[in-house]
Structures are given as structure tokens and as C-alpha cells.
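Worksheet for the structure shown next.
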2 protein chains.
Amino acid sequence: MSDLAAIAVEVSPSERFREYLATQGKRLTSERAIIVDEVFASHEHFDAEQLVARLVQRTDKTRVSRSTIYRALAELEKAGLLRKVARTNDREIYEHDYGYPQHDHLICKKCGELTEFQNPELKEILQGVAAAYGFRMEGHRLEVSGICANCSRPPSRGHRKLDMI
Amino acid sequence: MSDLAAIAVEVSPSERFREYLATQGKRLTSERAIIVDEVFASHEHFDAEQLVARLVQRTDKTRVSRSTIYRALAELEKAGLLRKVARTNDREIYEHDYGYPQHDHLICKKCGELTEFQNPELKEILQGVAAAYGFRMEGHRLEVSGICANCSRPPSRGHRKLDMI
DNA sequence: ATGAGTGCAAAAAGTTTGCACCGCT
DNA sequence: AGCGGTGCAAACTTTTTGCACTCAT
């Protein structure tokens with residue numbers, strides 16, 4: 001958290017995106033602007049389908065097609081603004097990768113909730129491992145699966161529903 | 001490799017599978033037997049497509065359909081004999097989860113190679129994290145992405161086998 | 001004008017499922 | 001007989017792509 005100051009002076013996601021696109025000879029169109037805006041409107045994890053849903057709610061003059069959304073997500077990923085964190089129900093889950101510290105996730109097998117956590121030792125260990133294999137580490141994806149506190153709580157006889165075959 | 005002795009005394013994968021199936025009121029059919037056999041014939045990572053390919057090579061009297069293979073993979077996973085380790089080229093990658101120690105992977109972005117590694121500290125850290133969140137950890141999936149030693153070497157002659165694992 | 005960008009519909013690709021038939025138990 | 005199991009083909013899901021048109025520079 002000590003580098004929040006540095007983060008604070010970063011440019012806005014859409015500005016950052018515009019810069020990236022420029023390096024690729026591309027432009028920040030109104031469709032793309034709407035998408036970045038919506039994507040960074042909340043810090044929640046999301047998948048393409050949810051983003052589509054959020055976008056149709058909007059009352060912008062421009063409506064964006066599904067194709068454009070997928071294409072934009074790919075660009076945002078290349079631009080380093082988004083990253084895929086997991087895959088749930090056959091859908092790729094995205095999260096902001098701009099202005100936020102690196103972290104990993106606890107994924108509840110029951111309710112599907114994603115909880116972020118940070119652990120600096122982790123990165124060190126991975127760097128050590130990578131070095132040992134002459135591997136140039138660029139990133140990682142760690143999902144710890146299990147049952148979240150909420151879901152494992154009340155096993156108080158009879159309240160547990162053991163459905164889900 | 002140091003605990004091969006311990007592994008040796010465990011029952012065979014197919015026996016283990018039979019036991020699991022029994023608890024589900026199901027049977028180890030000849031098709032399933034062939035599949036488990038082939039799956040455990042080598043310790044390499046594989047995806048459904050590759051397994052199908054290996055199975056058509058076999059000269060068994062029985063031929064198994066793709067559907068049955070997919071259904072068997074799902075059962076093997078539930079039985080705890082297999083687990084999904086990653087997803088490459090839109091395909092789910094499986095590996096043995098029976099008789100082998102827990103480990104994680106380095107995944108090369110260029111050639112797709114999966115390298116296994118083991119690090120005991122990792123589990124400790126994760127247990128600590130989980131405990132802090134009241135999360136009941138059951139497992140984890142860690143993929144370290146980057147460029148493998150082979151691919152980062154000179155451009156002389158890089159790896160090129162995106163389709164094989 | 002020129003090339004990037006978009007929407008639409010169709011295509012892909014991997015995996016799942018409905019269904020009729022088969023074969024244990 | 002009663003079910004679980006299988007093969008086949010059709011269905012599905014998410015994501016990608018071909019194409020013709022539009023638009024900013």
C-alpha cells in the first residue's frame with residue numbers, strides 16, 4: 001500500500017488505453033470509450049456476458065455489439081489494463097490489472113465467491129523457482145479452492161443442504 | 001521420485017476407480033477399464049483430444065466413443081484420480097492426481113510446455129492465508145507463466161509445438 | 001481515399017446431452 | 001425386468017471471424 005501515491009498520479013484507464021491504442025496505430029473510438037468506462041466503473045470481477053449485460057443497461061447514444069466487446073476485452077488485456085483471473089462456468093473472468101497491486105484468489109467451490117488476497121512471500125518463492133529452472137517468469141495465476149467462511153459456517157444439524165449432485 | 005515406495009503399495013488406478021464407481025452404484029465397464037488403463041499408461045499431461053487419439057491407436061476389441069471418454073474423464077476427476085491443471089488452446093489439460101505428490105506448473109507462453117515443480121513452502125503459505133480468511137482450503141491451482149529456458153535462448157531454433165503438451 | 005472499426009450472422013471448437021439400443025445383475 | 005452404459009448425432013456455449021459498410025483523418 002506504500003505506493004498508493006504513485007498510483008494516484010497515474011492517468012485514467014481510458015487515457016491509458018488511448019495511449020496504448022496509439023502505439024498500435026489504433027484509435028479510442030466511442031464504442032471503446034464506453035467499454036473502458038463501464039469496465040472500470042466498478043472494481044468487481046466480471047466475465048464477458050456480465051459486461052454485455054451492464055452495457056445494454058447504459059443509455060449512451062452508442063450501442064456496442066458483442067463482437068466489439070470481445071475485441072475490446074482482448075485489446076484491454078494486451079494493453080495491460082485487464083487480466084484473466086480464472087475461469088468459472090466456462091467463462092473467462094476478468095479483473096483490473098491497472099492501478100491495483102498484484103494479488104491472488106480464494107475461490108469458494110460452493111458459492112463461487114472470489115476473495116482477493118495478497119502475499120509478498122509468494123512472489124519471492126516463485127521467482128526462486130523460476131530462476132532454478134531458467135524460466136523467465138512473466139506472471140502467474142493462483143486459485144486456491146475450497147469452502148469460504150460463509151458457506152462452511154452453519155452445519156448446525158438440518159440446515160445444511162447437500163444438494164448439487 | 002523419492003516416495004515411489006509409498007506409491008507402490010497403493011491399489012492400482014483401475015482398482016481405485018472401481019471402488020469409487022461402486023460407491024456410486026456404477027460399474028467398471030470394459031470401456032472404462034480401457035480408458036483408465038490408457039490414462040495411467042503414461043504420466044504425461046494430456047487433453048481429451050490426445051486421449052482420444054491414443055485410444056484409437058489401441059488394438060483392444062472394444063472401441064470407445066468420444067462421449068464415453070468425456071464421461072469417463074469427468075468420473076475420474078470426481079474419483080480423485082485426475083485433476084485439471086490448466087487450459088491450453090481452449091482445451092482442458094489433465095494430469096494424474098493419484099499416487100503423485102502435489103505440485104505446480106511453469107507454463108511457457110511460447111511453446112506451451114508444462115514443467116512441474118514442487119515447493120513445500122507454498123502450501124504452508126497458502127494454509128496460512130486460508131486460515132486468515134476462515135477459508136477451508138481443499139486445493140489450489142498455480143500456473144506460473146513466462147518463457148521457458150529453451151524458448152528464451154537465442155532465436156536459433158526455438159520450440160514450436162503449440163499443439164503438444 | 002485509406003485503412004481502422006463496427007455490427008451481424010455464421011463459424012469454430014470443445015464439451016455435453018437426448019435418445020434408442022445393449023447388456024449386466 | 002430394471003438400470004446403468006454406450007454410441008451417434010444433434011445441441012450448446014462461449015468466443016472468433018468473414019464480410020460489407022461506415023467513419024475519422
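Just so we're on the same page: first chain in the C-alpha cells is A, next is B, and so on; residues restart at 1 for each chain, and ligands are numbered from 1 in the order they show up.
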
Residues of chain B within 9 Å of chain C, counting only C-alpha atoms (C1' of nucleotides), what are they? List them as a short mmCIF file (atom, residue, chain, number, x, y, z; two decimals) with N, CA and C atoms, in the first residue's frame.
```cif
data_model
loop_
_atom_site.label_atom_id
_atom_site.label_comp_id
_atom_site.auth_asym_id
_atom_site.auth_seq_id
_atom_site.Cartn_x
_atom_site.Cartn_y
_atom_site.Cartn_z
N SER B 67 -17.87 -39.62 -26.53
CA SER B 67 -18.77 -39.30 -25.41
C SER B 67 -18.34 -40.06 -24.16
N TYR B 70 -15.27 -38.56 -22.60
CA TYR B 70 -15.55 -37.35 -21.83
C TYR B 70 -16.25 -37.71 -20.53
N ASP B 90 -7.63 -23.63 -25.57
CA ASP B 90 -9.05 -23.93 -25.35
C ASP B 90 -9.34 -25.35 -24.94
N ARG B 91 -8.33 -26.04 -24.53
CA ARG B 91 -8.60 -27.41 -24.10
C ARG B 91 -8.18 -27.57 -22.64
N GLU B 92 -8.96 -28.36 -21.95
CA GLU B 92 -8.68 -28.62 -20.55
C GLU B 92 -7.55 -29.64 -20.49
#
```

### Task
Pull out every residue of chain B sitting within 8 Å of chain A, counting only C-alpha atoms, and send them as a list in words.
Leu106, Phe117, Glu121, Leu122, Ile125, Leu126, Val129, Ala130, Tyr133, Gly134, Phe135, Arg136, Met137, Glu138, Gly139, His140, Arg141, Leu142, Glu143, Val144, Ser145, Gly146, Ile147, Cys148, Ala149 and Ser152 of chain B

### Task
Any chance you could list, as a list in words, the residues in region 5-134 of chain B that come up strand (DSSP E) when DSSP is run on the backbone?
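Listing strand (DSSP E) positions across region 5-134 of chain B yields Phe46, Asp47, Leu82, Arg83, Lys84, Val85, Ala86, Arg87, Thr88, Arg91, Glu92, Ile93, Tyr94, Glu95, His96, Asp104, His105, Leu106, Ile107, Cys108, Leu114, Thr115, Glu116 and Phe117 of chain B.
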
Could you take the residues named above and write them with N, CA, C and O atoms, as a compact mmCIF listing (two decimals), in the first residue's frame?
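Produced file part.txt, reproduced below:
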```txt
# COMPACT_ATOMS: atom_id res chain seq x y z
N PHE B 46 -2.22 -34.41 -20.51
CA PHE B 46 -2.94 -34.66 -21.76
C PHE B 46 -4.29 -33.95 -21.75
O PHE B 46 -4.78 -33.53 -20.70
N ASP B 47 -4.87 -33.86 -22.93
CA ASP B 47 -6.21 -33.28 -23.02
C ASP B 47 -7.10 -34.34 -23.67
O ASP B 47 -6.60 -35.35 -24.16
N LEU B 82 -7.90 -37.98 -11.36
CA LEU B 82 -7.38 -36.98 -12.30
C LEU B 82 -7.73 -35.60 -11.80
O LEU B 82 -8.66 -35.43 -11.02
N ARG B 83 -7.00 -34.62 -12.30
CA ARG B 83 -7.39 -33.26 -11.99
C ARG B 83 -7.00 -32.39 -13.17
O ARG B 83 -6.07 -32.69 -13.92
N LYS B 84 -7.74 -31.32 -13.34
CA LYS B 84 -7.45 -30.40 -14.43
C LYS B 84 -6.34 -29.50 -13.93
O LYS B 84 -6.43 -28.98 -12.84
N VAL B 85 -5.32 -29.33 -14.71
CA VAL B 85 -4.22 -28.48 -14.27
C VAL B 85 -4.18 -27.14 -14.92
O VAL B 85 -3.67 -26.18 -14.38
N ALA B 86 -4.65 -27.08 -16.16
CA ALA B 86 -4.56 -25.82 -16.88
C ALA B 86 -5.48 -25.89 -18.07
O ALA B 86 -6.23 -26.85 -18.22
N ARG B 87 -5.40 -24.90 -18.87
CA ARG B 87 -6.20 -24.86 -20.07
C ARG B 87 -5.30 -24.28 -21.13
O ARG B 87 -4.78 -23.19 -20.99
N THR B 88 -5.07 -25.02 -22.17
CA THR B 88 -4.19 -24.55 -23.24
C THR B 88 -4.92 -24.71 -24.55
O THR B 88 -5.51 -25.75 -24.80
N ARG B 91 -8.33 -26.04 -24.53
CA ARG B 91 -8.60 -27.41 -24.10
C ARG B 91 -8.18 -27.57 -22.64
O ARG B 91 -7.17 -27.05 -22.21
N GLU B 92 -8.96 -28.36 -21.95
CA GLU B 92 -8.68 -28.62 -20.55
C GLU B 92 -7.55 -29.64 -20.49
O GLU B 92 -7.58 -30.65 -21.18
N ILE B 93 -6.53 -29.35 -19.69
CA ILE B 93 -5.40 -30.26 -19.56
C ILE B 93 -5.52 -31.05 -18.27
O ILE B 93 -5.75 -30.46 -17.22
N TYR B 94 -5.36 -32.34 -18.36
CA TYR B 94 -5.47 -33.20 -17.18
C TYR B 94 -4.12 -33.77 -16.78
O TYR B 94 -3.21 -33.86 -17.59
N GLU B 95 -4.06 -34.19 -15.52
CA GLU B 95 -2.88 -34.89 -15.06
C GLU B 95 -3.32 -35.82 -13.94
O GLU B 95 -4.41 -35.69 -13.39
N HIS B 96 -2.46 -36.78 -13.65
CA HIS B 96 -2.77 -37.75 -12.60
C HIS B 96 -2.86 -37.05 -11.26
O HIS B 96 -2.04 -36.20 -10.95
N ASP B 104 3.10 -27.88 -8.77
CA ASP B 104 2.53 -26.81 -9.58
C ASP B 104 3.24 -26.76 -10.92
O ASP B 104 4.08 -27.61 -11.18
N HIS B 105 2.90 -25.77 -11.73
CA HIS B 105 3.48 -25.73 -13.08
C HIS B 105 4.01 -24.41 -13.59
O HIS B 105 3.49 -23.36 -13.25
N LEU B 106 5.01 -24.55 -14.43
CA LEU B 106 5.56 -23.41 -15.13
C LEU B 106 5.01 -23.63 -16.54
O LEU B 106 5.13 -24.73 -17.07
N ILE B 107 4.38 -22.64 -17.10
CA ILE B 107 3.84 -22.80 -18.45
C ILE B 107 4.48 -21.81 -19.40
O ILE B 107 4.40 -20.60 -19.19
N CYS B 108 5.09 -22.35 -20.43
CA CYS B 108 5.77 -21.48 -21.39
C CYS B 108 4.76 -20.88 -22.37
O CYS B 108 4.00 -21.61 -23.01
N LEU B 114 4.68 -27.59 -20.25
CA LEU B 114 4.34 -27.56 -18.83
C LEU B 114 5.46 -28.22 -18.05
O LEU B 114 5.80 -29.37 -18.31
N THR B 115 6.02 -27.50 -17.12
CA THR B 115 7.08 -28.06 -16.30
C THR B 115 6.58 -28.13 -14.86
O THR B 115 6.06 -27.16 -14.35
N GLU B 116 6.72 -29.28 -14.27
CA GLU B 116 6.25 -29.43 -12.89
C GLU B 116 7.31 -28.98 -11.91
O GLU B 116 8.49 -29.16 -12.15
N PHE B 117 6.86 -28.44 -10.81
CA PHE B 117 7.83 -28.12 -9.75
C PHE B 117 7.11 -28.29 -8.43
O PHE B 117 5.88 -28.30 -8.38
```

Please tabulate, as CSV, the residues of chain D that come within 9 Å of chain A, each with its closest pair of atoms and the distance in Å to one decimal, counting only C-alpha atoms (C1' of nucleotides) and ordering rows by chain, then residue number upward.
```
residue,atom,partner,partner_atom,distance
D:DT13,C1',A:Asp90,CA,7.9
D:DT14,C1',A:Arg91,CA,6.9
D:DT15,C1',A:Tyr70,CA,7.7
D:DT16,C1',A:Ser67,CA,8.5
```

Selection to disk with N, CA, C and O atoms (P, O5', C5', C4', C3', O3' and C1' of nucleotides), as a short mmCIF file (atom, residue, chain, number, x, y, z; two decimals), in the first residue's frame:
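Here's the written file part.cif:
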```cif
data_model
loop_
_atom_site.label_atom_id
_atom_site.label_comp_id
_atom_site.auth_asym_id
_atom_site.auth_seq_id
_atom_site.Cartn_x
_atom_site.Cartn_y
_atom_site.Cartn_z
P DT D 13 -26.89 -23.18 -24.27
"O5'" DT D 13 -25.38 -22.77 -24.00
"C5'" DT D 13 -24.46 -23.75 -23.49
"C4'" DT D 13 -23.13 -23.09 -23.28
"C3'" DT D 13 -23.19 -21.56 -23.38
"O3'" DT D 13 -22.42 -20.96 -22.36
"C1'" DT D 13 -21.76 -22.44 -25.08
P DT D 14 -22.51 -19.34 -22.21
"O5'" DT D 14 -21.06 -18.93 -22.73
"C5'" DT D 14 -19.93 -19.66 -22.23
"C4'" DT D 14 -18.74 -19.46 -23.11
"C3'" DT D 14 -18.35 -18.00 -23.36
"O3'" DT D 14 -16.96 -17.88 -23.14
"C1'" DT D 14 -18.59 -19.14 -25.42
P DT D 15 -16.30 -16.41 -23.12
"O5'" DT D 15 -15.70 -16.33 -24.59
"C5'" DT D 15 -14.82 -17.37 -24.99
"C4'" DT D 15 -14.49 -17.26 -26.44
"C3'" DT D 15 -13.99 -15.89 -26.93
"O3'" DT D 15 -12.76 -16.12 -27.60
"C1'" DT D 15 -15.66 -16.74 -28.38
P DT D 16 -11.97 -14.98 -28.34
"O5'" DT D 16 -12.26 -15.34 -29.86
"C5'" DT D 16 -12.07 -16.69 -30.27
"C4'" DT D 16 -12.31 -16.79 -31.77
"C3'" DT D 16 -11.64 -15.71 -32.62
"O3'" DT D 16 -11.07 -16.36 -33.73
"C1'" DT D 16 -13.95 -15.77 -33.08
#
```

### Query
Computed after least-squares fitting of chain A to chain B on all C-alpha atoms in order, what is the RMSD in Å?
3.5 Å

### Summary
A straight line from CA of Val11 (chain A) to CA of Glu124 (chain A) spans 29.0 Å
